[in-house]
Amino acid sequence: MHSVAQEPVPTDIRVNQVGYYPREKKIAVVVGEGRKDFYIETVPGSRQVFQGVLSAAVQSTFSSRKSQVADFSSLTDTGTYVLIVPGLGKSWPFEIRHNVLAEAARASLKAFYFQRFSTALAPGFAGKWSRPFCHPDDRVLIHASAADDKRREGTVIASPRGWMDAGDYNKYVVNSGISTATLLSAYEDYGTHYRSLNLVIPESSNTLPDILDETLWNLRWMLTMQDPNDGGVYHKCTNANFDPMVMPDRATTPRYVVRKSTAAALNLAAVCAQAARVFRMFDKELPGLADSCLVAAQRAWQWARSHPDERYEQEKINAQFDPDITTGAYGDSDVSDEFVWAACELTATTGDNAYVKSVSLINEEPLRVPSWNQVKLLGYYTLVRHEEKLKGVLKNEIPTVRERLVGKANEMITGVEKREFRTVMGGNLRDFVWGSNAVAANQAILLLTAFKISGNRAFYEYAIGQADYLLGRNATGYSFLTGYGDRTPMHPHHRPSEADGVADPVPGLLAGGPNPGMQDKCKYPSSVPDEAYVDDACSYASNEIAINWNAPCAYLLGALEALQAR
């Protein structure tokens with residue numbers, strides 16, 4: 001973390017406010033045109049260590065804005081610096097050093113600890129963001145929409161633990177799916193890095209890697225959402241309505257599990273199949289867990305195969321059942337991608353290719369970067385990750401999957417050098433949706449996957465550029481990770497951060513990012529797609545946080561640290 005600069009800093013100089021690796025590309029963007037030279041000086045000391053020439057002005061894709069690029073990649077000396085443009089001023093300070101993203105990577109992962117339900121956060125682990133026990137969820141009601149002959153309306157079940165989904169106090173299986181899977185994937189891909197990473201959480205003294213301890217907190221909740229009678233999975237555990245901006249221990253309205261859905265069942269099937277694979281390595285520490293996860297995955301898969309069209313349609317449910325549920329719907333009208341994802345995970349874990357043979361694994365549809373409702377590539381990543389083990393059962397499919405992933409990555413990087421911010425992010429207007437920063441992070445995961453497949457270093461370099469984007473080299477001038485950088489969100493749409501009386505928000509949370517939809521009707525400084533962001537708690541459309549945004553951010557930053565160490 002940096003301390004706030006003592007003198008006014010022009011926000012028109014956009015740098016990665018955390019910093020750069022010594023041997024990698026180092027790029028800043030100066031908004032405007034007509035400037036010529038730039039300098040790099042030490043902090044403190046104001047000793048000039050680099051002089052460069054700004055590029056020709058580049059036109060924004062989305063507005064009349066023009067910008068110039070400052071490339072100082074040849075500066076490799078470690079230290080803390082500012083970039084100076086004569087007549088304009090100096091940038092926020094940044095570092096050049098090895099492991100420069102280590103603290104941000106750790107914080108983006110520890111953010112999940114701050115989202116825990118069914119526990120108190122003690123000062124020894126949470127610091128000034130400690131809080132009382134909240135949401136035991138030991139008396140959750142079966143909602144009328146979820147009732148059947150064996151679990152009637154009003155039946156009490158226990159559904160403890162789990163993570164707060166976003167800025168609200170509810171738990172959603174669908175969004176937990178991609179979030180939990182992304183953290184499990186981070187461990188599968190970079191296990192050596194994570195085995196020694198200490199998050200300073202209550203479980204840090206045990207023998208399980210901290211990333212898995214944290215993931216387990218949510219996985220154990222997800223398992224409670226499966227009906228033991230038929231294997232179906234409830235869509236969410238929720239209040240009837242969103243809570244006001246209060247601390248979680250003050251949010252005590254009744255909790256419900258609502259209708260089972262195909263999407264929820266397939267999310268649980270995929271996550272539990274992956275978890276069975278990962279936690280099998282820890283049978284001594286967690287006896288029986290891997291077996292339980294695999295059984296849960298197979299039962300959820302069978303339920304989904306028998307109920308392929310059970311959509312969660314909240315308005316229809318509310319027209320038929322009481323009380324009305326108005327919290328996040330996470331409805332998904334097309335679950336073909338969830339079937340592919342779950343099939344891939346089950347095949348990778350069991351070696352049985354009947355799962356992938358039962359779905360349309362490869363078709364002509366364009367590949368889409370993962371999001372909560374578009375998860376096919378999570379399955380593709382798993383097939384590539386376990387290629388050696390699966391060659392015998394999927395010898396014809398895996399080469400095609402590899403080729404398509406690399407082809408998508410090549411498509412993404414085409415034209416980057418001609419863009420204003422020199423990032424993959426922003427190559428298309430569709431990048432700027434609700435949670436656009438998760439788009440940037442998930443693009444980076446695809447790039448890193450393509451790098452592992454092909455060895456093409458350009459993919460790796462552009463993945464670093466995505467981290468630069470999230471940490472300040474973007475059209476807003478914000479580093480979007482709370483607490484990391486000098487211009488970061490101070491008022492995220494996050495109930496604990498707003499209600500705890502602490503000036504600083506919970507650290508390590510990734511704000512949603514520019515969203516020209518502006519669905520919250522707050523006052524934004526700009527409606528330009530890549531500028532449509534406001535640091536205001538009212539802005540749930542651009543400044544909320546969410547576990548499915550933090551997870552790819554944590555993956556990206558952790559992966560870059562792990563790759564630097566090799």
# chains A, B, ... in the order shown; residues from 1 in each chain; ligands from 1
$ select_by_dssp --residues "region 363-476 of chain A" --states "alpha helix (DSSP H)" --output "number ranges by chain"
A: 376-385, 387-390, 397-413, 436-454, 457-470
$ residues_around --residues "Phe117 (chain A)" --least-positions-apart "6" --cutoff "12 Å" --atoms "only C-alpha atoms" --output "short mmCIF file (atom, residue, chain, number, x, y, z; two decimals) with all heavy atoms, in the first residue's frame"
data_model
loop_
_atom_site.label_atom_id
_atom_site.label_comp_id
_atom_site.auth_asym_id
_atom_site.auth_seq_id
_atom_site.Cartn_x
_atom_site.Cartn_y
_atom_site.Cartn_z
N ARG A 131 -15.49 -7.85 13.61
CA ARG A 131 -16.94 -7.69 13.80
C ARG A 131 -17.50 -8.88 14.55
O ARG A 131 -16.87 -9.96 14.61
CB ARG A 131 -17.65 -7.51 12.45
CG ARG A 131 -17.41 -8.60 11.43
CD ARG A 131 -18.26 -8.38 10.20
NE ARG A 131 -17.91 -9.24 9.08
CZ ARG A 131 -18.27 -10.51 8.92
NH1 ARG A 131 -19.01 -11.10 9.85
NH2 ARG A 131 -17.92 -11.19 7.84
N PRO A 132 -18.70 -8.73 15.13
CA PRO A 132 -19.29 -9.83 15.91
C PRO A 132 -19.76 -10.98 15.02
O PRO A 132 -19.87 -10.86 13.79
CB PRO A 132 -20.49 -9.16 16.60
CG PRO A 132 -20.27 -7.70 16.48
CD PRO A 132 -19.48 -7.49 15.24
N PHE A 133 -20.08 -12.06 15.69
CA PHE A 133 -20.67 -13.25 15.03
C PHE A 133 -21.94 -12.83 14.29
O PHE A 133 -22.73 -12.03 14.78
CB PHE A 133 -20.99 -14.29 16.09
CG PHE A 133 -21.43 -15.62 15.55
CD1 PHE A 133 -20.53 -16.67 15.45
CD2 PHE A 133 -22.74 -15.85 15.15
CE1 PHE A 133 -20.92 -17.90 14.96
CE2 PHE A 133 -23.15 -17.08 14.65
CZ PHE A 133 -22.24 -18.10 14.55
N CYS A 134 -22.12 -13.41 13.11
CA CYS A 134 -23.33 -13.08 12.35
C CYS A 134 -23.85 -14.31 11.61
O CYS A 134 -23.11 -15.25 11.33
CB CYS A 134 -23.07 -11.95 11.35
SG CYS A 134 -22.09 -12.46 9.91
N HIS A 135 -25.13 -14.29 11.33
CA HIS A 135 -25.78 -15.27 10.46
C HIS A 135 -25.39 -16.72 10.78
O HIS A 135 -24.71 -17.37 9.98
CB HIS A 135 -25.49 -14.96 8.99
CG HIS A 135 -26.12 -13.69 8.51
ND1 HIS A 135 -25.46 -12.48 8.58
CD2 HIS A 135 -27.33 -13.44 7.97
CE1 HIS A 135 -26.25 -11.53 8.08
NE2 HIS A 135 -27.39 -12.08 7.73
N PRO A 136 -25.85 -17.24 11.91
CA PRO A 136 -25.58 -18.65 12.18
C PRO A 136 -26.22 -19.56 11.13
O PRO A 136 -25.70 -20.64 10.85
CB PRO A 136 -26.21 -18.88 13.56
CG PRO A 136 -27.21 -17.76 13.72
CD PRO A 136 -26.63 -16.60 12.99
N ASP A 137 -27.34 -19.12 10.58
CA ASP A 137 -28.07 -19.88 9.56
C ASP A 137 -28.31 -21.33 9.99
O ASP A 137 -28.22 -22.27 9.18
CB ASP A 137 -27.35 -19.81 8.21
CG ASP A 137 -27.57 -18.47 7.52
OD1 ASP A 137 -28.53 -17.76 7.88
OD2 ASP A 137 -26.78 -18.12 6.62
N ASP A 138 -28.63 -21.48 11.27
CA ASP A 138 -28.96 -22.81 11.78
C ASP A 138 -30.47 -23.03 11.83
O ASP A 138 -30.93 -24.12 12.20
CB ASP A 138 -28.36 -23.02 13.18
CG ASP A 138 -28.76 -21.92 14.17
OD1 ASP A 138 -29.40 -20.93 13.75
OD2 ASP A 138 -28.41 -22.05 15.35
N SER A 159 -28.04 -24.28 7.32
CA SER A 159 -27.24 -23.98 6.13
C SER A 159 -26.17 -22.94 6.49
O SER A 159 -26.13 -21.84 5.94
CB SER A 159 -28.16 -23.45 5.01
OG SER A 159 -27.46 -23.33 3.80
N PRO A 160 -25.28 -23.30 7.44
CA PRO A 160 -24.30 -22.32 7.93
C PRO A 160 -23.11 -22.15 7.00
O PRO A 160 -22.95 -22.86 6.02
CB PRO A 160 -23.87 -22.93 9.26
CG PRO A 160 -23.98 -24.41 9.04
CD PRO A 160 -25.18 -24.58 8.14
N ARG A 161 -22.27 -21.21 7.39
CA ARG A 161 -21.02 -20.85 6.71
C ARG A 161 -21.32 -20.18 5.37
O ARG A 161 -22.36 -19.58 5.17
CB ARG A 161 -20.10 -22.06 6.57
CG ARG A 161 -19.69 -22.66 7.91
CD ARG A 161 -18.50 -23.57 7.76
NE ARG A 161 -18.19 -24.23 9.03
CZ ARG A 161 -17.06 -24.88 9.28
NH1 ARG A 161 -16.13 -24.97 8.34
NH2 ARG A 161 -16.85 -25.44 10.45
N GLY A 162 -20.37 -20.26 4.46
CA GLY A 162 -20.50 -19.58 3.18
C GLY A 162 -20.00 -18.15 3.24
O GLY A 162 -19.64 -17.62 4.30
N TRP A 163 -19.95 -17.53 2.06
CA TRP A 163 -19.51 -16.14 1.92
C TRP A 163 -20.68 -15.24 1.57
O TRP A 163 -21.59 -15.63 0.83
CB TRP A 163 -18.50 -16.01 0.79
CG TRP A 163 -17.21 -16.74 0.95
CD1 TRP A 163 -16.43 -16.83 2.07
CD2 TRP A 163 -16.52 -17.48 -0.07
NE1 TRP A 163 -15.30 -17.56 1.81
CE2 TRP A 163 -15.33 -17.98 0.50
CE3 TRP A 163 -16.80 -17.76 -1.41
CZ2 TRP A 163 -14.42 -18.75 -0.23
CZ3 TRP A 163 -15.90 -18.52 -2.13
CH2 TRP A 163 -14.72 -19.01 -1.54
N MET A 164 -20.64 -14.01 2.08
CA MET A 164 -21.54 -12.98 1.57
C MET A 164 -21.27 -12.86 0.08
O MET A 164 -20.12 -12.71 -0.34
CB MET A 164 -21.26 -11.64 2.26
CG MET A 164 -21.41 -11.68 3.74
SD MET A 164 -20.78 -10.14 4.50
CE MET A 164 -20.82 -10.63 6.23
N ASP A 165 -22.29 -12.89 -0.71
CA ASP A 165 -22.10 -12.92 -2.15
C ASP A 165 -21.45 -11.66 -2.68
O ASP A 165 -20.57 -11.70 -3.53
CB ASP A 165 -23.46 -13.10 -2.84
CG ASP A 165 -23.37 -13.04 -4.34
OD1 ASP A 165 -22.83 -13.98 -4.94
OD2 ASP A 165 -23.82 -12.04 -4.93
N ASP A 168 -24.24 -7.50 -0.30
CA ASP A 168 -25.43 -7.86 0.46
C ASP A 168 -25.14 -9.08 1.34
O ASP A 168 -24.05 -9.63 1.31
CB ASP A 168 -26.60 -8.13 -0.48
CG ASP A 168 -26.34 -9.31 -1.42
OD1 ASP A 168 -25.38 -9.22 -2.21
OD2 ASP A 168 -27.07 -10.30 -1.35
N TYR A 169 -26.15 -9.53 2.08
CA TYR A 169 -25.96 -10.59 3.06
C TYR A 169 -26.69 -11.87 2.68
O TYR A 169 -27.35 -12.50 3.51
CB TYR A 169 -26.43 -10.10 4.44
CG TYR A 169 -25.62 -8.95 4.99
CD1 TYR A 169 -26.22 -7.95 5.74
CD2 TYR A 169 -24.24 -8.86 4.77
CE1 TYR A 169 -25.47 -6.89 6.25
CE2 TYR A 169 -23.50 -7.82 5.27
CZ TYR A 169 -24.12 -6.84 6.01
OH TYR A 169 -23.37 -5.79 6.53
N ASN A 170 -26.55 -12.27 1.42
CA ASN A 170 -27.22 -13.48 0.95
C ASN A 170 -26.20 -14.40 0.30
O ASN A 170 -25.09 -14.00 -0.03
CB ASN A 170 -28.35 -13.11 -0.01
CG ASN A 170 -29.35 -12.19 0.68
OD1 ASN A 170 -30.00 -12.58 1.63
ND2 ASN A 170 -29.46 -10.97 0.19
N LYS A 171 -26.61 -15.66 0.10
CA LYS A 171 -25.72 -16.69 -0.43
C LYS A 171 -26.40 -17.33 -1.64
O LYS A 171 -27.52 -17.81 -1.53
CB LYS A 171 -25.42 -17.75 0.64
CG LYS A 171 -24.78 -17.17 1.90
CD LYS A 171 -24.41 -18.25 2.92
CE LYS A 171 -25.57 -18.73 3.75
NZ LYS A 171 -25.14 -19.53 4.93
N GLU A 214 -9.87 -21.42 3.10
CA GLU A 214 -10.87 -20.39 2.81
C GLU A 214 -11.93 -20.93 1.86
O GLU A 214 -13.13 -20.69 2.04
CB GLU A 214 -10.20 -19.15 2.22
CG GLU A 214 -11.11 -17.94 2.13
CD GLU A 214 -11.75 -17.61 3.48
OE1 GLU A 214 -11.03 -17.33 4.44
OE2 GLU A 214 -13.02 -17.65 3.56
N TRP A 217 -14.58 -23.02 3.50
CA TRP A 217 -15.63 -22.33 4.26
C TRP A 217 -16.90 -22.19 3.40
O TRP A 217 -18.02 -22.33 3.89
CB TRP A 217 -15.16 -20.95 4.69
CG TRP A 217 -16.07 -20.33 5.72
CD1 TRP A 217 -17.13 -19.50 5.51
CD2 TRP A 217 -16.00 -20.53 7.14
NE1 TRP A 217 -17.73 -19.15 6.69
CE2 TRP A 217 -17.06 -19.78 7.72
CE3 TRP A 217 -15.16 -21.26 7.98
CZ2 TRP A 217 -17.28 -19.74 9.09
CZ3 TRP A 217 -15.38 -21.21 9.35
CH2 TRP A 217 -16.44 -20.46 9.88
N ASN A 218 -16.71 -21.94 2.13
CA ASN A 218 -17.87 -21.81 1.24
C ASN A 218 -18.35 -23.15 0.71
O ASN A 218 -19.55 -23.38 0.56
CB ASN A 218 -17.55 -20.90 0.06
CG ASN A 218 -18.80 -20.39 -0.62
OD1 ASN A 218 -19.59 -19.66 -0.03
ND2 ASN A 218 -19.02 -20.77 -1.87
N ARG A 220 -18.38 -26.03 2.22
CA ARG A 220 -19.22 -26.72 3.21
C ARG A 220 -20.64 -26.15 3.21
O ARG A 220 -21.60 -26.88 3.43
CB ARG A 220 -18.58 -26.62 4.59
CG ARG A 220 -17.31 -27.46 4.74
CD ARG A 220 -16.96 -27.65 6.21
NE ARG A 220 -15.71 -28.36 6.41
CZ ARG A 220 -15.53 -29.67 6.35
NH1 ARG A 220 -16.56 -30.45 6.03
NH2 ARG A 220 -14.36 -30.22 6.58
N TRP A 221 -20.75 -24.83 2.98
CA TRP A 221 -22.11 -24.28 2.86
C TRP A 221 -22.80 -24.82 1.62
O TRP A 221 -23.97 -25.22 1.67
CB TRP A 221 -22.08 -22.75 2.79
CG TRP A 221 -23.40 -22.24 2.29
CD1 TRP A 221 -24.59 -22.27 2.97
CD2 TRP A 221 -23.69 -21.73 0.99
NE1 TRP A 221 -25.61 -21.80 2.16
CE2 TRP A 221 -25.08 -21.47 0.95
CE3 TRP A 221 -22.92 -21.47 -0.14
CZ2 TRP A 221 -25.70 -20.95 -0.19
CZ3 TRP A 221 -23.53 -20.96 -1.27
CH2 TRP A 221 -24.90 -20.70 -1.29
N CYS A 237 -29.79 -19.15 -0.53
CA CYS A 237 -30.16 -19.00 0.87
C CYS A 237 -30.22 -17.50 1.12
O CYS A 237 -29.19 -16.82 1.05
CB CYS A 237 -29.12 -19.67 1.77
SG CYS A 237 -29.41 -19.45 3.54
N MET A 247 -24.53 -3.44 9.84
CA MET A 247 -23.56 -4.50 10.02
C MET A 247 -24.26 -5.85 9.99
O MET A 247 -25.45 -5.96 10.32
CB MET A 247 -22.80 -4.30 11.32
CG MET A 247 -21.85 -3.11 11.30
SD MET A 247 -20.53 -3.31 10.05
CE MET A 247 -19.49 -4.55 10.83
N PRO A 248 -23.54 -6.90 9.62
CA PRO A 248 -24.22 -8.19 9.42
C PRO A 248 -24.88 -8.76 10.67
O PRO A 248 -25.91 -9.44 10.56
CB PRO A 248 -23.10 -9.10 8.91
CG PRO A 248 -21.83 -8.39 9.19
CD PRO A 248 -22.14 -6.94 9.19
N ASP A 249 -24.34 -8.48 11.85
CA ASP A 249 -24.97 -9.01 13.05
C ASP A 249 -26.30 -8.32 13.36
O ASP A 249 -27.09 -8.81 14.18
CB ASP A 249 -24.04 -8.88 14.26
CG ASP A 249 -23.67 -7.44 14.58
OD1 ASP A 249 -23.03 -6.80 13.71
OD2 ASP A 249 -24.03 -6.95 15.66
N ALA A 251 -28.47 -7.78 10.92
CA ALA A 251 -29.38 -8.28 9.88
C ALA A 251 -29.92 -9.63 10.32
O ALA A 251 -29.23 -10.65 10.24
CB ALA A 251 -28.64 -8.40 8.56
#
$ residues_around --residues "region 276-278 of chain A" --least-positions-apart "2" --cutoff "7 Å" --atoms "only C-alpha atoms" --output "ChimeraX atom specification"
/A:272-274,280-281,290-291,293-294,349
$ write_last_selection --atoms "N, CA and C atoms" --output "JSON list (two decimals), in the first residue's frame"
[["chain", "number", "residue", "atom", "x", "y", "z"],
["A", 272, "CYS", "N", -18.17, -29.51, -6.78],
["A", 272, "CYS", "CA", -17.88, -30.65, -5.91],
["A", 272, "CYS", "C", -17.02, -31.70, -6.62],
["A", 273, "ALA", "N", -17.18, -31.85, -7.93],
["A", 273, "ALA", "CA", -16.29, -32.77, -8.65],
["A", 273, "ALA", "C", -14.86, -32.26, -8.60],
["A", 274, "GLN", "N", -14.68, -30.96, -8.80],
["A", 274, "GLN", "CA", -13.34, -30.38, -8.71],
["A", 274, "GLN", "C", -12.80, -30.48, -7.29],
["A", 280, "ARG", "N", -8.81, -34.75, -2.41],
["A", 280, "ARG", "CA", -8.30, -36.12, -2.33],
["A", 280, "ARG", "C", -6.84, -36.11, -1.88],
["A", 281, "MET", "N", -6.13, -35.04, -2.18],
["A", 281, "MET", "CA", -4.72, -34.93, -1.77],
["A", 281, "MET", "C", -4.59, -34.70, -0.27],
["A", 290, "ALA", "N", -13.41, -35.82, 0.29],
["A", 290, "ALA", "CA", -13.37, -36.01, -1.16],
["A", 290, "ALA", "C", -14.46, -36.97, -1.60],
["A", 291, "ASP", "N", -14.68, -38.04, -0.85],
["A", 291, "ASP", "CA", -15.74, -38.99, -1.19],
["A", 291, "ASP", "C", -17.10, -38.33, -1.13],
["A", 293, "CYS", "N", -17.81, -35.18, -1.48],
["A", 293, "CYS", "CA", -17.95, -34.22, -2.57],
["A", 293, "CYS", "C", -18.29, -34.94, -3.88],
["A", 294, "LEU", "N", -17.63, -36.06, -4.14],
["A", 294, "LEU", "CA", -17.90, -36.77, -5.39],
["A", 294, "LEU", "C", -19.31, -37.33, -5.42],
["A", 349, "THR", "N", -12.26, -35.87, -12.90],
["A", 349, "THR", "CA", -12.12, -36.48, -11.57],
["A", 349, "THR", "C", -12.26, -37.99, -11.61]]
$ closest_atom_pairs --of "region 156-242 of chain A" --to "region 307-310 of chain A" --cutoff "12 Å" --atoms "only C-alpha atoms" --output "JSON lines"
{"residue": "A:Asp230", "atom": "CA", "partner": "A:His307", "partner_atom": "CA", "distance": 11.4}
{"residue": "A:Gly231", "atom": "CA", "partner": "A:His307", "partner_atom": "CA", "distance": 11.1}
{"residue": "A:Gly232", "atom": "CA", "partner": "A:His307", "partner_atom": "CA", "distance": 9.0}
{"residue": "A:Val233", "atom": "CA", "partner": "A:Glu310", "partner_atom": "CA", "distance": 10.8}
{"residue": "A:Tyr234", "atom": "CA", "partner": "A:Glu310", "partner_atom": "CA", "distance": 11.1}
{"residue": "A:His235", "atom": "CA", "partner": "A:Glu310", "partner_atom": "CA", "distance": 10.4}
$ residues_around --residues "Lys260 (chain A)" --least-positions-apart "2" --cutoff "9 Å" --atoms "only C-alpha atoms" --output "MDAnalysis selection string"
chainID A and resid 145:146 226:227 232:236 257:258 262:265 310:312
$ residues_around --residues "Arg151 (chain A)" --least-positions-apart "5" --cutoff "10 Å" --atoms "only C-alpha atoms" --output "list in words"
Leu141, Ile142, His143, Ala144, Ala146, Val156, Ile157, Asp227 and Asn229 of chain A
$ residues_around --residues "region 337-341 of chain A" --least-positions-apart "6" --cutoff "8 Å" --atoms "only C-alpha atoms" --output "list in words"
Ala263, Leu266, Asn267, Ala270, Val356, Val359, Ser360, Leu361, Gln374, Val375, Lys376, Leu377, Leu378, Gly379 and Tyr380 of chain A
$ decode --residues "region 268-281 of chain A" --atoms "N, CA and C atoms" --output "PDB file, in the first residue's frame"
ATOM      1  N   LEU A 268     -23.163 -26.946  -8.442  1.00  0.00           N
ATOM      2  CA  LEU A 268     -22.687 -27.771  -7.340  1.00  0.00           C
ATOM      3  C   LEU A 268     -21.992 -29.019  -7.865  1.00  0.00           C
ATOM      4  N   ALA A 269     -22.531 -29.612  -8.936  1.00  0.00           N
ATOM      5  CA  ALA A 269     -21.899 -30.801  -9.510  1.00  0.00           C
ATOM      6  C   ALA A 269     -20.478 -30.495  -9.960  1.00  0.00           C
ATOM      7  N   ALA A 270     -20.294 -29.356 -10.648  1.00  0.00           N
ATOM      8  CA  ALA A 270     -18.965 -28.991 -11.146  1.00  0.00           C
ATOM      9  C   ALA A 270     -18.006 -28.703 -10.005  1.00  0.00           C
ATOM     10  N   VAL A 271     -18.436 -27.875  -9.065  1.00  0.00           N
ATOM     11  CA  VAL A 271     -17.554 -27.482  -7.967  1.00  0.00           C
ATOM     12  C   VAL A 271     -17.187 -28.685  -7.101  1.00  0.00           C
ATOM     13  N   CYS A 272     -18.169 -29.511  -6.785  1.00  0.00           N
ATOM     14  CA  CYS A 272     -17.885 -30.652  -5.914  1.00  0.00           C
ATOM     15  C   CYS A 272     -17.024 -31.699  -6.616  1.00  0.00           C
ATOM     16  N   ALA A 273     -17.181 -31.853  -7.929  1.00  0.00           N
ATOM     17  CA  ALA A 273     -16.293 -32.769  -8.649  1.00  0.00           C
ATOM     18  C   ALA A 273     -14.855 -32.257  -8.600  1.00  0.00           C
ATOM     19  N   GLN A 274     -14.678 -30.960  -8.801  1.00  0.00           N
ATOM     20  CA  GLN A 274     -13.342 -30.381  -8.712  1.00  0.00           C
ATOM     21  C   GLN A 274     -12.805 -30.484  -7.292  1.00  0.00           C
ATOM     22  N   ALA A 275     -13.661 -30.196  -6.307  1.00  0.00           N
ATOM     23  CA  ALA A 275     -13.235 -30.266  -4.912  1.00  0.00           C
ATOM     24  C   ALA A 275     -12.829 -31.688  -4.530  1.00  0.00           C
ATOM     25  N   ALA A 276     -13.541 -32.676  -5.045  1.00  0.00           N
ATOM     26  CA  ALA A 276     -13.178 -34.065  -4.758  1.00  0.00           C
ATOM     27  C   ALA A 276     -11.771 -34.358  -5.248  1.00  0.00           C
ATOM     28  N   ARG A 277     -11.441 -33.828  -6.405  1.00  0.00           N
ATOM     29  CA  ARG A 277     -10.111 -34.017  -6.994  1.00  0.00           C
ATOM     30  C   ARG A 277      -9.037 -33.329  -6.146  1.00  0.00           C
ATOM     31  N   VAL A 278      -9.319 -32.101  -5.728  1.00  0.00           N
ATOM     32  CA  VAL A 278      -8.328 -31.327  -4.977  1.00  0.00           C
ATOM     33  C   VAL A 278      -8.166 -31.871  -3.567  1.00  0.00           C
ATOM     34  N   PHE A 279      -9.267 -32.113  -2.879  1.00  0.00           N
ATOM     35  CA  PHE A 279      -9.178 -32.510  -1.475  1.00  0.00           C
ATOM     36  C   PHE A 279      -8.806 -33.982  -1.308  1.00  0.00           C
ATOM     37  N   ARG A 280      -8.811 -34.747  -2.410  1.00  0.00           N
ATOM     38  CA  ARG A 280      -8.302 -36.119  -2.329  1.00  0.00           C
ATOM     39  C   ARG A 280      -6.840 -36.111  -1.883  1.00  0.00           C
ATOM     40  N   MET A 281      -6.128 -35.038  -2.181  1.00  0.00           N
ATOM     41  CA  MET A 281      -4.723 -34.925  -1.769  1.00  0.00           C
ATOM     42  C   MET A 281      -4.591 -34.699  -0.266  1.00  0.00           C
TER      43      MET A 281
END
